[in-house]
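So this one's input-v2.pdb, PDB, C-alpha atoms, pLDDT in the B column:
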ATOM      1  CA  ALA H   1      -2.131 -85.035 109.377  1.00 94.00           C
ATOM      2  CA  MET H   2      -2.124 -82.674 106.395  1.00 91.00           C
ATOM      3  CA  GLN H   3      -2.776 -85.556 104.004  1.00 95.00           C
ATOM      4  CA  ARG H   4      -5.756 -86.664 106.078  1.00 96.00           C
ATOM      5  CA  GLU H   5      -7.222 -83.166 105.945  1.00 95.00           C
ATOM      6  CA  LEU H   6      -6.697 -82.909 102.178  1.00 95.00           C
ATOM      7  CA  ALA H   7      -8.301 -86.336 101.678  1.00 97.00           C
ATOM      8  CA  LYS H   8     -11.511 -85.147 103.343  1.00 97.00           C
ATOM      9  CA  PHE H   9     -12.267 -83.173 100.187  1.00 97.00           C
ATOM     10  CA  ASP H  10     -10.536 -85.342  97.594  1.00 96.00           C
ATOM     11  CA  PRO H  11      -8.469 -88.500  98.260  1.00 96.00           C
ATOM     12  CA  ARG H  12      -6.311 -87.725  95.215  1.00 96.00           C
ATOM     13  CA  ASP H  13      -5.144 -84.524  96.886  1.00 96.00           C
ATOM     14  CA  ALA H  14      -3.651 -86.456  99.802  1.00 95.00           C
ATOM     15  CA  GLU H  15      -1.415 -88.196  97.278  1.00 95.00           C
ATOM     16  CA  MET H  16      -0.435 -84.814  95.805  1.00 94.00           C
ATOM     17  CA  TYR H  17       0.871 -83.374  99.072  1.00 94.00           C
ATOM     18  CA  GLU H  18       4.377 -84.863  98.913  1.00 93.00           C
ATOM     19  CA  PRO H  19       4.824 -83.889  95.215  1.00 94.00           C
ATOM     20  CA  PHE H  20       3.591 -80.412  96.157  1.00 92.00           C
ATOM     21  CA  LEU H  21       6.267 -80.121  98.859  1.00 92.00           C
ATOM     22  CA  ALA H  22       8.872 -81.339  96.369  1.00 92.00           C
ATOM     23  CA  ALA H  23       7.704 -78.672  93.882  1.00 91.00           C
ATOM     24  CA  ILE H  24       7.937 -75.772  96.336  1.00 91.00           C
ATOM     25  CA  ASP H  25      11.312 -76.690  97.826  1.00 93.00           C
ATOM     26  CA  PRO H  26      13.312 -75.482  94.785  1.00 91.00           C
ATOM     27  CA  ILE H  27      11.262 -72.263  94.741  1.00 89.00           C
ATOM     28  CA  PHE H  28      12.174 -71.816  98.433  1.00 90.00           C
ATOM     29  CA  LYS H  29      15.864 -72.545  97.822  1.00 90.00           C
ATOM     30  CA  ILE H  30      16.176 -70.166  94.878  1.00 87.00           C
ATOM     31  CA  GLY H  31      13.559 -67.530  95.703  1.00 83.00           C
ATOM     32  CA  TYR H  32      14.199 -67.285  99.432  1.00 85.00           C
ATOM     33  CA  LEU H  33      17.588 -68.689 100.379  1.00 86.00           C
ATOM     34  CA  LYS H  34      19.488 -67.510  97.300  1.00 84.00           C
ATOM     35  CA  TYR H  35      17.672 -64.299  96.296  1.00 80.00           C
ATOM     36  CA  GLY H  36      15.384 -63.490  99.233  1.00 78.00           C
ATOM     37  CA  ARG H  37      17.575 -60.669 100.500  1.00 78.00           C
ATOM     38  CA  THR H  38      18.564 -59.341  97.083  1.00 79.00           C
ATOM     39  CA  PRO H  39      17.145 -55.946  96.133  1.00 76.00           C
ATOM     40  CA  PHE H  40      15.568 -55.940  92.683  1.00 74.00           C
ATOM     41  CA  MET H  41      16.059 -52.309  91.765  1.00 77.00           C
ATOM     42  CA  HIS H  42      16.186 -52.761  88.000  1.00 78.00           C
ATOM     43  CA  LEU H  43      14.510 -54.994  85.446  1.00 81.00           C
ATOM     44  CA  GLY H  44      17.857 -56.700  84.779  1.00 82.00           C
ATOM     45  CA  ASP H  45      18.000 -57.845  88.406  1.00 78.00           C
ATOM     46  CA  PHE H  46      14.735 -59.713  87.971  1.00 78.00           C
ATOM     47  CA  LEU H  47      15.639 -61.055  84.526  1.00 82.00           C
ATOM     48  CA  LYS H  48      18.605 -62.902  86.048  1.00 83.00           C
ATOM     49  CA  ILE H  49      16.324 -65.241  87.990  1.00 83.00           C
ATOM     50  CA  ALA H  50      13.290 -65.161  85.669  1.00 84.00           C
ATOM     51  CA  PRO H  51      14.279 -68.281  83.674  1.00 87.00           C
ATOM     52  CA  GLN H  52      14.573 -70.329  86.871  1.00 86.00           C
ATOM     53  CA  MET H  53      11.268 -69.020  88.205  1.00 85.00           C
ATOM     54  CA  ILE H  54       9.511 -69.686  84.883  1.00 87.00           C
ATOM     55  CA  ARG H  55      10.847 -73.243  84.814  1.00 88.00           C
ATOM     56  CA  LEU H  56       9.591 -73.829  88.366  1.00 86.00           C
ATOM     57  CA  GLY H  57       6.172 -72.339  87.579  1.00 85.00           C
ATOM     58  CA  ALA H  58       6.711 -69.556  90.114  1.00 84.00           C
ATOM     59  CA  ILE H  59       5.507 -66.661  87.965  1.00 85.00           C
ATOM     60  CA  GLN H  60       2.002 -67.967  87.279  1.00 86.00           C
ATOM     61  CA  SER H  61      -0.624 -67.018  89.851  1.00 87.00           C
ATOM     62  CA  ILE H  62      -0.495 -68.939  93.093  1.00 87.00           C
ATOM     63  CA  TYR H  63      -4.091 -70.021  92.479  1.00 88.00           C
ATOM     64  CA  ARG H  64      -3.183 -71.495  89.101  1.00 89.00           C
ATOM     65  CA  PHE H  65      -0.092 -73.141  90.600  1.00 89.00           C
ATOM     66  CA  MET H  66      -2.263 -74.807  93.234  1.00 89.00           C
ATOM     67  CA  GLY H  67      -4.752 -75.808  90.549  1.00 87.00           C
ATOM     68  CA  ASN H  68      -1.980 -77.785  88.900  1.00 88.00           C
ATOM     69  CA  LYS H  69      -1.259 -79.546  92.196  1.00 92.00           C
ATOM     70  CA  PHE H  70      -4.645 -80.155  93.833  1.00 94.00           C
ATOM     71  CA  HIS H  71      -8.021 -81.245  92.485  1.00 95.00           C
ATOM     72  CA  HIS H  72     -10.527 -79.901  95.002  1.00 95.00           C
ATOM     73  CA  GLU H  73     -11.224 -76.176  95.103  1.00 93.00           C
ATOM     74  CA  TYR H  74     -11.068 -76.009  98.917  1.00 93.00           C
ATOM     75  CA  ASN H  75      -7.643 -77.662  98.949  1.00 92.00           C
ATOM     76  CA  ARG H  76      -6.354 -75.250  96.300  1.00 90.00           C
ATOM     77  CA  ARG H  77      -7.512 -72.325  98.401  1.00 88.00           C
ATOM     78  CA  ALA H  78      -6.171 -73.752 101.649  1.00 88.00           C
ATOM     79  CA  MET H  79      -2.725 -74.459 100.234  1.00 87.00           C
ATOM     80  CA  GLY H  80      -2.413 -70.968  98.725  1.00 84.00           C
ATOM     81  CA  PHE H  81      -3.892 -68.878 101.531  1.00 83.00           C
ATOM     82  CA  GLN H  82      -0.506 -67.732 102.881  1.00 80.00           C
ATOM     83  CA  ALA H  83      -0.420 -65.041 100.196  1.00 79.00           C
ATOM     84  CA  LEU H  84      -3.184 -63.338 102.173  1.00 80.00           C
ATOM     85  CA  PHE H  85      -0.718 -62.814 105.059  1.00 76.00           C
ATOM     86  CA  LEU H  86       1.269 -60.578 102.741  1.00 74.00           C
ATOM     87  CA  GLY H  87      -1.795 -58.695 101.596  1.00 77.00           C
ATOM     88  CA  GLY H  88      -1.801 -60.484  98.255  1.00 79.00           C
ATOM     89  CA  ASN H  89      -4.684 -61.828  96.253  1.00 82.00           C
ATOM     90  CA  PRO H  90      -4.058 -65.539  95.517  1.00 79.00           C
ATOM     91  CA  LEU H  91      -5.677 -65.028  92.093  1.00 82.00           C
ATOM     92  CA  GLY H  92      -3.038 -62.491  91.153  1.00 83.00           C
ATOM     93  CA  VAL H  93       0.172 -62.831  93.167  1.00 85.00           C
ATOM     94  CA  PRO H  94       2.876 -64.973  91.601  1.00 87.00           C
ATOM     95  CA  ALA H  95       3.372 -68.542  92.746  1.00 84.00           C
ATOM     96  CA  ILE H  96       6.769 -67.681  94.181  1.00 85.00           C
ATOM     97  CA  TYR H  97       4.666 -67.139  97.323  1.00 84.00           C
ATOM     98  CA  ALA H  98       3.851 -70.854  97.243  1.00 85.00           C
ATOM     99  CA  MET H  99       7.206 -71.189  98.999  1.00 86.00           C
ATOM    100  CA  LEU H 100       5.682 -69.948 102.260  1.00 84.00           C
ATOM    101  CA  PRO H 101       4.807 -73.474 103.474  1.00 85.00           C
ATOM    102  CA  ALA H 102       8.410 -74.469 102.713  1.00 87.00           C
ATOM    103  CA  ILE H 103       9.681 -71.536 104.755  1.00 86.00           C
ATOM    104  CA  GLU H 104       7.450 -72.665 107.613  1.00 85.00           C
ATOM    105  CA  ARG H 105       8.746 -76.242 107.369  1.00 86.00           C
ATOM    106  CA  HIS H 106      12.432 -75.301 107.092  1.00 89.00           C
ATOM    107  CA  GLU H 107      12.601 -72.189 109.266  1.00 87.00           C
ATOM    108  CA  GLY H 108       9.771 -72.830 111.712  1.00 86.00           C
ATOM    109  CA  ILE H 109       6.773 -70.725 112.543  1.00 81.00           C
ATOM    110  CA  TRP H 110       7.202 -67.823 114.923  1.00 82.00           C
ATOM    111  CA  TYR H 111       4.357 -66.031 116.609  1.00 81.00           C
ATOM    112  CA  ALA H 112       3.856 -63.447 119.309  1.00 88.00           C
ATOM    113  CA  MET H 113       2.384 -64.574 122.608  1.00 91.00           C
ATOM    114  CA  GLY H 114      -1.009 -62.912 122.768  1.00 92.00           C
ATOM    115  CA  GLY H 115      -1.272 -62.498 118.987  1.00 88.00           C
ATOM    116  CA  MET H 116       0.067 -59.954 116.527  1.00 85.00           C
ATOM    117  CA  TYR H 117      -1.587 -57.027 118.252  1.00 89.00           C
ATOM    118  CA  SER H 118       0.467 -57.708 121.379  1.00 94.00           C
ATOM    119  CA  ILE H 119       3.499 -56.490 119.389  1.00 92.00           C
ATOM    120  CA  VAL H 120       1.729 -53.211 118.637  1.00 90.00           C
ATOM    121  CA  THR H 121       0.759 -52.825 122.288  1.00 94.00           C
ATOM    122  CA  ALA H 122       4.294 -53.559 123.497  1.00 95.00           C
ATOM    123  CA  MET H 123       5.843 -51.120 120.991  1.00 93.00           C
ATOM    124  CA  ALA H 124       3.394 -48.374 121.995  1.00 94.00           C
ATOM    125  CA  LYS H 125       4.134 -48.976 125.670  1.00 96.00           C
ATOM    126  CA  LEU H 126       7.911 -48.841 125.131  1.00 97.00           C
ATOM    127  CA  TYR H 127       7.604 -45.724 122.973  1.00 93.00           C
ATOM    128  CA  GLN H 128       5.658 -43.949 125.706  1.00 96.00           C
ATOM    129  CA  GLU H 129       8.062 -45.146 128.416  1.00 97.00           C
ATOM    130  CA  LEU H 130      10.887 -43.578 126.401  1.00 95.00           C
ATOM    131  CA  GLY H 131       9.032 -40.260 126.374  1.00 93.00           C
ATOM    132  CA  GLY H 132       7.213 -40.503 123.071  1.00 89.00           C
ATOM    133  CA  LYS H 133       3.759 -39.040 122.654  1.00 87.00           C
ATOM    134  CA  LEU H 134       1.375 -41.444 120.943  1.00 88.00           C
ATOM    135  CA  LEU H 135      -1.334 -39.912 118.754  1.00 87.00           C
ATOM    136  CA  THR H 136      -4.141 -42.106 117.448  1.00 88.00           C
ATOM    137  CA  ASN H 137      -7.206 -41.685 115.246  1.00 90.00           C
ATOM    138  CA  ARG H 138      -5.580 -39.008 113.120  1.00 92.00           C
ATOM    139  CA  GLU H 139      -5.400 -39.335 109.371  1.00 94.00           C
ATOM    140  CA  ALA H 140      -2.007 -38.763 107.771  1.00 95.00           C
ATOM    141  CA  GLN H 141      -2.346 -36.700 104.597  1.00 96.00           C
ATOM    142  CA  GLU H 142       1.293 -36.372 103.553  1.00 97.00           C
ATOM    143  CA  ILE H 143       4.784 -37.444 104.489  1.00 97.00           C
ATOM    144  CA  ILE H 144       6.758 -34.219 104.246  1.00 97.00           C
ATOM    145  CA  ILE H 145       9.999 -34.538 102.289  1.00 96.00           C
ATOM    146  CA  GLU H 146      12.829 -31.998 102.294  1.00 95.00           C
ATOM    147  CA  GLY H 147      15.666 -32.792  99.945  1.00 89.00           C
ATOM    148  CA  ARG H 148      15.674 -36.582  99.958  1.00 88.00           C
ATOM    149  CA  ARG H 149      14.631 -37.011 103.597  1.00 94.00           C
ATOM    150  CA  ALA H 150      11.309 -37.439 105.385  1.00 96.00           C
ATOM    151  CA  VAL H 151      11.076 -34.701 108.012  1.00 97.00           C
ATOM    152  CA  GLY H 152       7.489 -34.911 109.220  1.00 97.00           C
ATOM    153  CA  VAL H 153       3.855 -35.732 108.625  1.00 97.00           C
ATOM    154  CA  ARG H 154       0.981 -33.449 107.670  1.00 97.00           C
ATOM    155  CA  LEU H 155      -2.350 -34.541 109.130  1.00 96.00           C
ATOM    156  CA  ALA H 156      -5.702 -34.246 107.357  1.00 94.00           C
ATOM    157  CA  GLY H 157      -6.676 -31.297 109.573  1.00 92.00           C
ATOM    158  CA  GLY H 158      -3.582 -29.368 108.421  1.00 94.00           C
ATOM    159  CA  GLU H 159      -1.476 -29.905 111.564  1.00 96.00           C
ATOM    160  CA  THR H 160       2.188 -30.640 110.833  1.00 97.00           C
ATOM    161  CA  LEU H 161       4.177 -33.005 113.021  1.00 96.00           C
ATOM    162  CA  PRO H 162       7.966 -32.645 112.616  1.00 95.00           C
ATOM    163  CA  ALA H 163       9.952 -35.870 112.949  1.00 93.00           C
ATOM    164  CA  ASP H 164      13.504 -37.187 112.922  1.00 92.00           C
ATOM    165  CA  ILE H 165      12.221 -40.319 111.184  1.00 90.00           C
ATOM    166  CA  VAL H 166       8.878 -41.291 109.656  1.00 92.00           C
ATOM    167  CA  VAL H 167       7.613 -44.858 109.727  1.00 89.00           C
ATOM    168  CA  SER H 168       4.558 -45.931 107.741  1.00 90.00           C
ATOM    169  CA  ASN H 169       2.865 -49.225 108.525  1.00 83.00           C
ATOM    170  CA  GLY H 170       0.738 -48.831 105.413  1.00 84.00           C
ATOM    171  CA  ASP H 171       1.159 -50.814 102.244  1.00 81.00           C
ATOM    172  CA  THR H 172       4.283 -49.581 100.414  1.00 82.00           C
ATOM    173  CA  ARG H 173       2.411 -48.889  97.195  1.00 83.00           C
ATOM    174  CA  TRP H 174      -0.329 -46.935  98.981  1.00 87.00           C
ATOM    175  CA  THR H 175       2.194 -45.001 101.086  1.00 91.00           C
ATOM    176  CA  TYR H 176       4.180 -43.887  98.054  1.00 89.00           C
ATOM    177  CA  LYS H 177       1.160 -43.120  95.881  1.00 90.00           C
ATOM    178  CA  TYR H 178      -0.948 -41.227  98.410  1.00 93.00           C
ATOM    179  CA  LEU H 179       1.387 -39.888 101.098  1.00 95.00           C
ATOM    180  CA  ILE H 180       4.476 -38.846  99.131  1.00 94.00           C
ATOM    181  CA  LYS H 181       4.211 -36.159  96.462  1.00 92.00           C
ATOM    182  CA  PRO H 182       5.152 -37.312  92.926  1.00 89.00           C
ATOM    183  CA  GLU H 183       8.231 -35.083  92.704  1.00 89.00           C
ATOM    184  CA  HIS H 184       9.782 -37.035  95.590  1.00 89.00           C
ATOM    185  CA  ARG H 185       9.169 -40.477  94.083  1.00 85.00           C
ATOM    186  CA  ARG H 186      12.208 -41.138  91.919  1.00 77.00           C
ATOM    187  CA  PHE H 187      11.721 -44.909  91.583  1.00 74.00           C
ATOM    188  CA  TRP H 188       8.105 -45.477  92.656  1.00 70.00           C
ATOM    189  CA  SER H 189       5.857 -43.762  90.151  1.00 71.00           C
ATOM    190  CA  ASP H 190       2.054 -44.087  90.119  1.00 71.00           C
ATOM    191  CA  ARG H 191       2.461 -46.614  87.303  1.00 70.00           C
TER
END
Could I get this file's structure written as structure tokens?
Amino acid sequence: AMQRELAKFDPRDAEMYEPFLAAIDPIFKIGYLKYGRTPFMHLGDFLKIAPQMIRLGAIQSIYRFMGNKFHHEYNRRAMGFQALFLGGNPLGVPAIYAMLPAIERHEGIWYAMGGMYSIVTAMAKLYQELGGKLLTNREAQEIIIEGRRAVGVRLAGGETLPADIVVSNGDTRWTYKYLIKPEHRRFWSDR
């Protein structure tokens, strides 16, 4: 079925589908199965797998990787769109994310009945049933840190909300850069 869809834009791309799957399987096996749960806290951690990823073409942009696999622009975009799920730009994120179709093939695709927002709704409902007070439409200005621990949130209006734990559903980079003061960011600098 996938080959038929690819062929609608360029018959050569239908022939490239199986080689494409063969090219992303080693990226999946190394990048996901072997190192997917490994924290890369130091440059040396990344340098250990860099030669393998370079050899597999996994450090070039996903868009360029797809350009080496498919002829038609629409097929290149379609086969690399999964990076968007992670908030990545296919023109910039590395092709290690090309393994996402392999993950889907090997691990299956899981989804929430009713769509992703049904998870948010269910979590909010459970939180309130457990006695939590849900506040919405309030802009967080700062995650308050004492020592090395998050202890609350300061809202844009100046109100402070103490907390045992703080969870941010924002992008990690944005959260660290804009919600945590620089003196509390030992590893995650603005750079």
Calculate, to one decimal in Å, the centre and edge lengths of the box along x, y and z of the file that holds all listed atoms of segment 48-56 of chain H with 4 Å of margin on each side, and present them as JSON.
{"center_x": 14.1, "center_y": -68.4, "center_z": 86.0, "size_x": 17.1, "size_y": 18.9, "size_z": 12.7}
For the file shown, what are the residues hit by the PyMOL selection byres ((chain H and resi 155) around 10), laid out as a PDB file with C-alpha atoms, in the frame of the given file?
ATOM      1  CA  ARG H 138      -5.580 -39.008 113.120  1.00 92.00           C
ATOM      2  CA  GLU H 139      -5.400 -39.335 109.371  1.00 94.00           C
ATOM      3  CA  ALA H 140      -2.007 -38.763 107.771  1.00 95.00           C
ATOM      4  CA  GLN H 141      -2.346 -36.700 104.597  1.00 96.00           C
ATOM      5  CA  GLU H 142       1.293 -36.372 103.553  1.00 97.00           C
ATOM      6  CA  ILE H 143       4.784 -37.444 104.489  1.00 97.00           C
ATOM      7  CA  GLY H 152       7.489 -34.911 109.220  1.00 97.00           C
ATOM      8  CA  VAL H 153       3.855 -35.732 108.625  1.00 97.00           C
ATOM      9  CA  ARG H 154       0.981 -33.449 107.670  1.00 97.00           C
ATOM     10  CA  ALA H 156      -5.702 -34.246 107.357  1.00 94.00           C
ATOM     11  CA  GLY H 157      -6.676 -31.297 109.573  1.00 92.00           C
ATOM     12  CA  GLY H 158      -3.582 -29.368 108.421  1.00 94.00           C
ATOM     13  CA  GLU H 159      -1.476 -29.905 111.564  1.00 96.00           C
ATOM     14  CA  THR H 160       2.188 -30.640 110.833  1.00 97.00           C
ATOM     15  CA  LEU H 161       4.177 -33.005 113.021  1.00 96.00           C
TER      16      LEU H 161
END
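One finds atom CA of Pro94 of chain H at 5.4 Å from atom CA of Ile62 of chain H.
Distances to Glu107 of chain H were evaluated for H:Tyr178, H:Val120, H:Lys29, H:Asp10 using only C-alpha atoms, and the minimum falls at H:Lys29.
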Determine the nearest neighbour of Met41 of chain H from the options H:Phe81, H:Asn75, H:Ala102, H:Phe187, counting all atoms listed in the file.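 So, comparing all the options, the nearest one is H:Phe187.
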On this structure, which residues satisfy the PyMOL selection byres ((chain H and resi 13) around 8), written as a PDB file with C-alpha atoms, in the coordinates of the input?
ATOM      1  CA  GLN H   3      -2.776 -85.556 104.004  1.00 95.00           C
ATOM      2  CA  LEU H   6      -6.697 -82.909 102.178  1.00 95.00           C
ATOM      3  CA  ALA H   7      -8.301 -86.336 101.678  1.00 97.00           C
ATOM      4  CA  PHE H   9     -12.267 -83.173 100.187  1.00 97.00           C
ATOM      5  CA  ASP H  10     -10.536 -85.342  97.594  1.00 96.00           C
ATOM      6  CA  PRO H  11      -8.469 -88.500  98.260  1.00 96.00           C
ATOM      7  CA  ARG H  12      -6.311 -87.725  95.215  1.00 96.00           C
ATOM      8  CA  ALA H  14      -3.651 -86.456  99.802  1.00 95.00           C
ATOM      9  CA  GLU H  15      -1.415 -88.196  97.278  1.00 95.00           C
ATOM     10  CA  MET H  16      -0.435 -84.814  95.805  1.00 94.00           C
ATOM     11  CA  TYR H  17       0.871 -83.374  99.072  1.00 94.00           C
ATOM     12  CA  LYS H  69      -1.259 -79.546  92.196  1.00 92.00           C
ATOM     13  CA  PHE H  70      -4.645 -80.155  93.833  1.00 94.00           C
ATOM     14  CA  HIS H  71      -8.021 -81.245  92.485  1.00 95.00           C
ATOM     15  CA  HIS H  72     -10.527 -79.901  95.002  1.00 95.00           C
ATOM     16  CA  ASN H  75      -7.643 -77.662  98.949  1.00 92.00           C
TER      17      ASN H  75
END
Proximity to Ile27 of chain H - best of H:Val167, H:Asn68, H:Ala50, H:Asp45, only C-alpha atoms =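 Using only C-alpha atoms, Ile27 of chain H sits closest to H:Ala50.
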